[in-house]
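Worksheet: the structure to be examined is printed underneath.
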Amino acid sequence: MRLTEFNLTSTSLYSPPTTHLGFISHQLYEFIHRLCGQVVTTIICVVGIFTNIVNCLVFYRQGLRDRMNLCLFSLALIDLYLLLCIFATFSVSSFIEQLDESVGEEYLIRVTAGMSGIIYAFRAASGLITALIALERCACVMLPLRATSLISTRSTAVVLTSGVVVLQVGFLVVPLEADVALIDENETEREWHLVPTTTAEKSQLVSEAVVFSLLNISLPILTFVVVSLATALTVTRLQTAIKWRQTSSSSTCDNGRRQVALTKMLVLVSCMYIVTMVPVVTIIVCRLLVVDFSPYGHHHTLYLTCSTLADQLPLVNCAFNFVVYCTQSSRYRAYLRQLLSCLLKNGNQFPVFSITNSLTCLY
(Lines give C-alpha, C1' and ligand atoms only; values in the text may rest on other atoms or scores of the structure.)
Protein backbone atom coordinates (compact mmCIF):
# COMPACT_ATOMS: atom_id res chain seq x y z
CA MET A 1 0.00 0.00 0.00
CA ARG A 2 1.30 3.44 -0.87
CA LEU A 3 1.29 5.63 2.22
CA THR A 4 0.06 8.71 0.38
CA GLU A 5 -3.62 8.69 1.15
CA PHE A 6 -3.72 10.49 4.50
CA ASN A 7 -2.14 13.73 5.55
CA LEU A 8 -3.04 16.17 8.31
CA THR A 9 -2.33 19.23 6.21
CA SER A 10 -4.65 18.04 3.46
CA THR A 11 -8.00 16.30 3.61
CA SER A 12 -7.00 14.31 0.55
CA LEU A 13 -7.67 10.62 1.12
CA TYR A 14 -6.98 9.33 -2.36
CA SER A 15 -3.96 8.27 -4.35
CA PRO A 16 -2.04 11.01 -6.21
CA PRO A 17 -0.97 10.85 -9.86
CA THR A 18 1.69 8.35 -10.83
CA THR A 19 3.79 10.97 -12.65
CA HIS A 20 5.70 13.87 -11.16
CA LEU A 21 8.30 16.44 -12.12
CA GLY A 22 11.13 14.83 -10.17
CA PHE A 23 11.81 17.19 -7.24
CA ILE A 24 11.38 14.35 -4.76
CA SER A 25 11.08 10.69 -5.71
CA HIS A 26 8.38 8.38 -4.41
CA GLN A 27 11.07 6.31 -2.70
CA LEU A 28 12.37 9.31 -0.73
CA TYR A 29 8.84 10.31 0.23
CA GLU A 30 8.05 6.75 1.36
CA PHE A 31 11.19 6.75 3.53
CA ILE A 32 10.37 10.13 5.13
CA HIS A 33 6.74 9.15 5.64
CA ARG A 34 7.64 5.87 7.32
CA LEU A 35 10.35 7.51 9.43
CA CYS A 36 7.93 10.15 10.70
CA GLY A 37 5.02 7.75 11.09
CA GLN A 38 6.90 4.95 12.79
CA VAL A 39 9.60 6.75 14.80
CA VAL A 40 9.13 10.50 15.20
CA THR A 41 5.36 10.46 15.67
CA THR A 42 5.56 7.57 18.13
CA ILE A 43 8.15 9.33 20.30
CA ILE A 44 6.17 12.60 20.29
CA CYS A 45 2.92 10.80 21.12
CA VAL A 46 4.39 8.78 23.99
CA VAL A 47 5.96 11.88 25.53
CA GLY A 48 2.87 14.02 24.86
CA ILE A 49 0.39 11.54 26.29
CA PHE A 50 2.33 11.44 29.56
CA THR A 51 2.86 15.22 29.80
CA ASN A 52 -0.76 16.05 28.98
CA ILE A 53 -2.04 13.62 31.61
CA VAL A 54 0.14 15.48 34.11
CA ASN A 55 -1.13 18.83 32.80
CA CYS A 56 -4.75 17.73 33.20
CA LEU A 57 -4.14 16.59 36.78
CA VAL A 58 -2.33 19.77 37.79
CA PHE A 59 -4.80 22.23 36.24
CA TYR A 60 -7.77 20.27 37.57
CA ARG A 61 -6.26 20.45 41.03
CA GLN A 62 -5.70 24.20 40.69
CA GLY A 63 -9.43 24.63 40.09
CA LEU A 64 -11.55 24.85 36.96
CA ARG A 65 -13.61 27.77 38.25
CA ASP A 66 -10.78 30.00 37.12
CA ARG A 67 -11.30 30.59 33.40
CA MET A 68 -7.61 30.35 32.52
CA ASN A 69 -7.20 27.05 34.37
CA LEU A 70 -10.27 25.85 32.50
CA CYS A 71 -8.73 26.86 29.16
CA LEU A 72 -5.38 25.23 29.94
CA PHE A 73 -7.08 22.08 31.22
CA SER A 74 -9.20 21.91 28.06
CA LEU A 75 -6.13 22.45 25.87
CA ALA A 76 -4.27 19.63 27.62
CA LEU A 77 -7.31 17.34 27.36
CA ILE A 78 -7.81 18.00 23.63
CA ASP A 79 -4.09 17.56 22.96
CA LEU A 80 -4.21 14.29 24.90
CA TYR A 81 -7.11 13.00 22.78
CA LEU A 82 -5.35 14.11 19.59
CA LEU A 83 -2.12 12.31 20.46
CA LEU A 84 -4.01 9.18 21.54
CA CYS A 85 -5.86 9.07 18.20
CA ILE A 86 -2.66 9.57 16.21
CA PHE A 87 -0.85 6.94 18.27
CA ALA A 88 -3.70 4.47 17.75
CA THR A 89 -3.66 5.15 14.00
CA PHE A 90 -0.01 5.40 12.97
CA SER A 91 2.12 4.02 15.80
CA VAL A 92 0.00 0.93 16.42
CA SER A 93 -0.09 0.18 12.69
CA SER A 94 3.71 0.35 12.55
CA PHE A 95 3.93 -2.11 15.47
CA ILE A 96 1.56 -4.49 13.70
CA GLU A 97 3.56 -4.18 10.48
CA GLN A 98 6.61 -5.52 12.28
CA LEU A 99 4.68 -8.74 12.90
CA ASP A 100 2.65 -8.91 9.69
CA GLU A 101 3.07 -6.20 7.05
CA SER A 102 -0.18 -6.90 5.18
CA VAL A 103 -2.23 -6.87 8.38
CA GLY A 104 -0.55 -3.66 9.51
CA GLU A 105 -1.27 -1.94 6.20
CA GLU A 106 -4.90 -3.03 6.28
CA TYR A 107 -5.21 -1.80 9.88
CA LEU A 108 -3.73 1.58 8.93
CA ILE A 109 -6.04 2.17 5.99
CA ARG A 110 -9.18 1.04 7.84
CA VAL A 111 -8.46 3.07 10.99
CA THR A 112 -7.53 6.06 8.84
CA ALA A 113 -10.92 5.86 7.13
CA GLY A 114 -12.70 6.04 10.48
CA MET A 115 -10.39 8.28 12.55
CA SER A 116 -9.32 10.93 10.05
CA GLY A 117 -12.21 13.31 10.75
CA ILE A 118 -11.74 13.00 14.52
CA ILE A 119 -8.03 13.77 14.21
CA TYR A 120 -8.70 16.81 12.03
CA ALA A 121 -11.32 18.07 14.51
CA PHE A 122 -9.10 17.67 17.57
CA ARG A 123 -6.21 19.48 15.89
CA ALA A 124 -8.50 22.33 14.87
CA ALA A 125 -9.94 22.42 18.41
CA SER A 126 -6.43 22.69 19.86
CA GLY A 127 -5.80 25.74 17.70
CA LEU A 128 -9.18 27.21 18.63
CA ILE A 129 -8.45 26.91 22.37
CA THR A 130 -5.01 28.46 21.86
CA ALA A 131 -6.68 31.39 20.08
CA LEU A 132 -9.14 31.76 22.97
CA ILE A 133 -6.24 31.80 25.45
CA ALA A 134 -4.44 34.47 23.40
CA LEU A 135 -7.59 36.59 23.17
CA GLU A 136 -8.32 36.26 26.89
CA ARG A 137 -4.83 37.34 27.84
CA CYS A 138 -4.95 40.21 25.35
CA ALA A 139 -8.25 41.38 26.88
CA CYS A 140 -6.78 41.19 30.40
CA VAL A 141 -3.81 43.31 29.39
CA MET A 142 -5.70 45.82 27.25
CA LEU A 143 -8.77 46.12 29.53
CA PRO A 144 -7.62 44.97 32.99
CA LEU A 145 -10.62 46.46 34.83
CA ARG A 146 -13.29 45.06 32.50
CA ALA A 147 -11.87 41.69 31.46
CA THR A 148 -13.48 39.76 34.32
CA SER A 149 -16.95 41.11 33.54
CA LEU A 150 -16.54 40.64 29.79
CA ILE A 151 -15.22 37.07 29.98
CA SER A 152 -16.72 34.81 32.63
CA THR A 153 -15.80 31.21 33.38
CA ARG A 154 -19.26 30.02 32.34
CA SER A 155 -19.14 31.77 28.97
CA THR A 156 -15.65 30.39 28.42
CA ALA A 157 -16.91 26.86 29.11
CA VAL A 158 -19.80 27.35 26.67
CA VAL A 159 -17.47 28.59 23.93
CA LEU A 160 -15.02 25.71 24.48
CA THR A 161 -17.71 23.03 24.45
CA SER A 162 -19.55 24.51 21.47
CA GLY A 163 -16.34 24.86 19.45
CA VAL A 164 -15.26 21.26 20.01
CA VAL A 165 -18.72 19.88 19.17
CA VAL A 166 -19.12 22.02 16.03
CA LEU A 167 -15.68 20.96 14.75
CA GLN A 168 -16.39 17.28 15.34
CA VAL A 169 -19.69 17.55 13.48
CA GLY A 170 -18.11 19.53 10.64
CA PHE A 171 -15.32 17.03 10.09
CA LEU A 172 -17.76 14.10 9.99
CA VAL A 173 -17.75 14.67 6.24
CA VAL A 174 -14.19 13.31 5.99
CA PRO A 175 -14.81 9.67 7.05
CA LEU A 176 -18.15 9.63 5.23
CA GLU A 177 -16.54 10.41 1.89
CA ALA A 178 -14.01 7.54 1.89
CA ASP A 179 -14.26 3.77 1.89
CA VAL A 180 -11.67 0.99 2.02
CA ALA A 181 -11.16 -1.14 -1.08
CA LEU A 182 -8.78 -3.95 -1.98
CA ILE A 183 -7.64 -2.86 -5.45
CA ASP A 184 -5.16 -5.60 -6.31
CA GLU A 185 -4.74 -9.00 -4.77
CA ASN A 186 -2.29 -11.71 -5.82
CA GLU A 187 0.05 -14.16 -4.20
CA THR A 188 2.75 -11.59 -3.41
CA GLU A 189 1.01 -8.22 -2.91
CA ARG A 190 -2.24 -6.75 -1.59
CA GLU A 191 -3.10 -3.13 -2.39
CA TRP A 192 -5.43 -1.33 0.05
CA HIS A 193 -6.72 2.10 -0.94
CA LEU A 194 -9.23 4.70 0.20
CA VAL A 195 -11.78 5.30 -2.55
CA PRO A 196 -14.66 7.79 -2.82
CA THR A 197 -18.01 6.60 -1.56
CA THR A 198 -21.30 7.15 -3.35
CA THR A 199 -22.12 9.84 -0.79
CA ALA A 200 -18.88 11.65 -1.59
CA GLU A 201 -19.56 11.63 -5.32
CA LYS A 202 -23.05 13.06 -4.82
CA SER A 203 -22.01 15.73 -2.32
CA GLN A 204 -18.62 16.68 -3.72
CA LEU A 205 -19.38 20.41 -3.86
CA VAL A 206 -20.65 20.47 -0.26
CA SER A 207 -17.63 18.50 0.93
CA GLU A 208 -15.18 20.81 -0.77
CA ALA A 209 -16.97 23.92 0.52
CA VAL A 210 -17.28 22.77 4.13
CA VAL A 211 -14.16 20.68 4.74
CA PHE A 212 -11.61 21.94 2.24
CA SER A 213 -12.42 25.65 1.93
CA LEU A 214 -13.83 26.44 5.39
CA LEU A 215 -12.35 24.01 7.92
CA ASN A 216 -9.07 22.99 6.33
CA ILE A 217 -7.97 26.31 4.82
CA SER A 218 -9.85 29.29 6.25
CA LEU A 219 -9.96 28.08 9.87
CA PRO A 220 -6.21 27.33 10.32
CA ILE A 221 -5.23 30.61 8.65
CA LEU A 222 -7.77 32.59 10.70
CA THR A 223 -6.65 30.93 13.93
CA PHE A 224 -3.01 31.60 13.13
CA VAL A 225 -3.70 35.29 12.36
CA VAL A 226 -5.80 35.76 15.52
CA VAL A 227 -3.17 34.20 17.78
CA SER A 228 -0.39 36.21 16.13
CA LEU A 229 -2.19 39.56 16.39
CA ALA A 230 -3.44 38.96 19.94
CA THR A 231 0.04 37.91 21.08
CA ALA A 232 1.66 40.95 19.44
CA LEU A 233 -0.83 43.30 21.15
CA THR A 234 -0.31 41.55 24.48
CA VAL A 235 3.47 41.87 24.33
CA THR A 236 3.28 45.52 23.32
CA ARG A 237 0.80 46.43 26.03
CA LEU A 238 2.57 44.33 28.66
CA GLN A 239 5.69 46.46 28.47
CA THR A 240 3.67 49.56 29.31
CA ALA A 241 1.81 47.71 32.09
CA ILE A 242 5.07 46.60 33.71
CA LYS A 243 6.35 50.17 33.85
CA TRP A 244 3.07 51.36 35.37
CA ARG A 245 3.02 48.65 38.04
CA GLN A 246 6.57 49.52 39.09
CA THR A 247 5.26 52.89 40.32
CA SER A 248 2.36 51.34 42.31
CA SER A 249 2.21 50.19 45.93
CA SER A 250 3.96 47.03 47.08
CA SER A 251 0.75 45.01 47.31
CA THR A 252 -0.22 46.03 43.83
CA CYS A 253 3.26 45.16 42.63
CA ASP A 254 3.01 41.69 44.18
CA ASN A 255 -0.27 41.05 42.43
CA GLY A 256 1.13 42.63 39.28
CA ARG A 257 4.14 40.34 39.32
CA ARG A 258 1.89 37.30 39.45
CA GLN A 259 -0.15 38.57 36.53
CA VAL A 260 2.96 39.41 34.54
CA ALA A 261 4.39 35.94 35.19
CA LEU A 262 1.12 34.33 34.07
CA THR A 263 0.97 36.52 30.98
CA LYS A 264 4.56 35.67 30.04
CA MET A 265 3.79 31.98 30.33
CA LEU A 266 0.70 32.29 28.14
CA VAL A 267 2.59 34.41 25.60
CA LEU A 268 5.16 31.61 25.33
CA VAL A 269 2.35 29.10 24.79
CA SER A 270 1.03 31.28 21.97
CA CYS A 271 4.52 31.74 20.51
CA MET A 272 5.07 27.98 20.42
CA TYR A 273 1.81 27.62 18.53
CA ILE A 274 2.78 30.37 16.08
CA VAL A 275 6.22 28.91 15.38
CA THR A 276 4.94 25.36 14.86
CA MET A 277 2.08 26.53 12.63
CA VAL A 278 4.18 28.69 10.29
CA PRO A 279 5.17 25.74 8.03
CA VAL A 280 1.58 24.43 7.98
CA VAL A 281 0.12 27.81 7.01
CA THR A 282 2.89 28.31 4.43
CA ILE A 283 2.01 25.00 2.77
CA ILE A 284 -1.68 25.92 2.70
CA VAL A 285 -0.94 29.28 1.07
CA CYS A 286 1.47 27.72 -1.45
CA ARG A 287 -1.14 25.17 -2.37
CA LEU A 288 -3.60 27.96 -3.14
CA LEU A 289 -1.07 29.86 -5.25
CA VAL A 290 0.64 26.96 -7.09
CA VAL A 291 -1.74 24.65 -8.92
CA ASP A 292 0.66 21.70 -9.20
CA PHE A 293 1.62 21.90 -5.50
CA SER A 294 -1.15 19.62 -4.24
CA PRO A 295 -1.91 15.91 -3.70
CA TYR A 296 -3.21 15.78 -7.27
CA GLY A 297 -0.60 17.93 -9.07
CA HIS A 298 2.72 17.11 -10.69
CA HIS A 299 4.56 18.20 -7.54
CA HIS A 300 2.51 15.88 -5.33
CA THR A 301 5.56 14.11 -3.87
CA LEU A 302 7.11 17.46 -2.88
CA TYR A 303 3.79 18.59 -1.40
CA LEU A 304 3.27 15.38 0.58
CA THR A 305 6.87 15.33 1.83
CA CYS A 306 6.67 18.94 3.03
CA SER A 307 3.29 18.25 4.62
CA THR A 308 4.55 15.14 6.39
CA LEU A 309 7.44 17.07 7.92
CA ALA A 310 5.27 20.08 8.78
CA ASP A 311 2.67 17.87 10.47
CA GLN A 312 5.19 16.88 13.13
CA LEU A 313 5.53 20.45 14.44
CA PRO A 314 1.94 20.91 15.75
CA LEU A 315 2.36 17.56 17.52
CA VAL A 316 5.51 18.90 19.17
CA ASN A 317 3.48 21.89 20.34
CA CYS A 318 0.83 19.56 21.78
CA ALA A 319 3.44 17.51 23.63
CA PHE A 320 5.82 20.13 25.01
CA ASN A 321 3.62 22.86 26.52
CA PHE A 322 4.52 21.00 29.71
CA VAL A 323 8.04 22.48 29.46
CA VAL A 324 6.64 26.03 29.33
CA TYR A 325 4.44 25.44 32.36
CA CYS A 326 7.29 23.95 34.39
CA THR A 327 9.79 26.69 33.60
CA GLN A 328 7.42 29.67 33.90
CA SER A 329 4.91 28.84 36.66
CA SER A 330 5.95 28.35 40.29
CA ARG A 331 2.38 27.35 41.16
CA TYR A 332 2.45 24.61 38.51
CA ARG A 333 5.76 23.34 39.88
CA ALA A 334 4.35 23.24 43.41
CA TYR A 335 1.41 21.03 42.39
CA LEU A 336 3.71 18.91 40.24
CA ARG A 337 6.02 18.30 43.20
CA GLN A 338 3.00 17.27 45.24
CA LEU A 339 1.99 14.79 42.55
CA LEU A 340 5.52 13.38 42.27
CA SER A 341 5.83 13.03 46.05
CA CYS A 342 2.62 11.02 46.11
CA LEU A 343 3.91 8.78 43.31
CA LEU A 344 7.23 8.21 45.08
CA LYS A 345 5.51 7.56 48.40
CA ASN A 346 3.40 4.80 46.86
CA GLY A 347 6.08 3.61 44.42
CA ASN A 348 6.67 0.24 46.11
CA GLN A 349 3.04 -0.83 45.72
CA PHE A 350 1.41 -2.55 42.77
CA PRO A 351 1.29 0.04 39.92
CA VAL A 352 -2.51 0.28 39.73
CA PHE A 353 -2.88 0.84 43.47
CA SER A 354 0.10 3.22 43.44
CA ILE A 355 -1.56 5.45 40.84
CA THR A 356 -4.91 5.29 42.65
CA ASN A 357 -3.39 6.20 46.01
CA SER A 358 -1.33 8.97 44.41
CA LEU A 359 -4.40 10.56 42.89
CA THR A 360 -6.22 10.27 46.20
CA CYS A 361 -3.29 11.97 47.92
CA LEU A 362 -3.22 14.72 45.29
CA TYR A 363 -6.93 15.51 45.54
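If you're wondering about the labels, chains in the C-alpha coordinates are A, B, ... by order shown, residues count from 1 in each chain, ligands from 1 in order shown.
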> Near A:Leu233, counting only C-alpha atoms, which residues have an atom at most 12 Å away, once you skip same-chain residues fewer than 2 positions from it, shown as JSON, numbers by chain?
Replying inline: {"A": [134, 135, 136, 137, 138, 139, 140, 141, 142, 143, 226, 227, 228, 229, 230, 231, 235, 236, 237, 238, 239, 240, 267]}
How close does each residue of stretch 28-101 of chain A get to stretch 329-340 of chain A, giving the shortest atom pair and distance in Å to one decimal for every residue with an atom at most 8 Å away, counting only C-alpha atoms, sorted by chain and residue number, as CSV?
```
residue,atom,partner,partner_atom,distance
A:Val54,CA,A:Leu336,CA,7.9
A:Val58,CA,A:Tyr335,CA,6.1
A:Phe59,CA,A:Tyr332,CA,8.0
A:Arg61,CA,A:Tyr335,CA,7.8
A:Gln62,CA,A:Tyr335,CA,8.0
```
Those same residues, written as an mmCIF file, in the first residue's frame with N, CA and C atoms?
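Okay, out_35.cif is ready:
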```
data_model
loop_
_atom_site.group_PDB
_atom_site.id
_atom_site.type_symbol
_atom_site.label_atom_id
_atom_site.label_comp_id
_atom_site.auth_asym_id
_atom_site.auth_seq_id
_atom_site.Cartn_x
_atom_site.Cartn_y
_atom_site.Cartn_z
ATOM 1 N N VAL A 54 -0.341 14.687 32.985
ATOM 2 C CA VAL A 54 0.144 15.481 34.111
ATOM 3 C C VAL A 54 -0.475 16.877 34.089
ATOM 4 N N VAL A 58 -2.766 18.567 37.084
ATOM 5 C CA VAL A 58 -2.333 19.773 37.786
ATOM 6 C C VAL A 58 -3.367 20.890 37.647
ATOM 7 N N PHE A 59 -3.851 21.127 36.438
ATOM 8 C CA PHE A 59 -4.801 22.226 36.242
ATOM 9 C C PHE A 59 -6.155 21.902 36.866
ATOM 10 N N ARG A 61 -6.484 20.214 39.607
ATOM 11 C CA ARG A 61 -6.261 20.447 41.035
ATOM 12 C C ARG A 61 -6.244 21.942 41.358
ATOM 13 N N GLN A 62 -5.736 22.759 40.457
ATOM 14 C CA GLN A 62 -5.697 24.196 40.693
ATOM 15 C C GLN A 62 -7.091 24.813 40.694
#
```
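Reported to one decimal place, the separation of atom CA of A:Gly104 from atom CA of A:Val92 is 8.3 Å.
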> Which neighbours of A:Val111 fall inside 7 Å, counting only C-alpha atoms, when residues of the same chain fewer than 4 positions from it are skipped, and could you give them as a ChimeraX atom specification?
Replying inline: /A:89,107,115
With N, CA and C atoms retained, write the just-selected residues as a CSV table (one decimal), in the first residue's frame.
```csv
chain,number,residue,atom,x,y,z
A,89,THR,N,-3.6,5.3,15.5
A,89,THR,CA,-3.7,5.2,14.0
A,89,THR,C,-2.3,4.8,13.4
A,107,TYR,N,-4.8,-2.5,8.7
A,107,TYR,CA,-5.2,-1.8,9.9
A,107,TYR,C,-5.1,-0.3,9.7
A,115,MET,N,-10.9,7.3,11.6
A,115,MET,CA,-10.4,8.3,12.5
A,115,MET,C,-10.0,9.6,12.0
```
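Going from atom CA of A:Leu215 over to atom CA of A:Leu128, you cover 11.6 Å.
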> Which residues come within 8 Å of A:Phe122, counting only C-alpha atoms, excluding same-chain residues fewer than 5 positions away, as JSON, numbers by chain?
Replying inline: {"A": [78, 79, 81, 82, 164, 167, 168]}
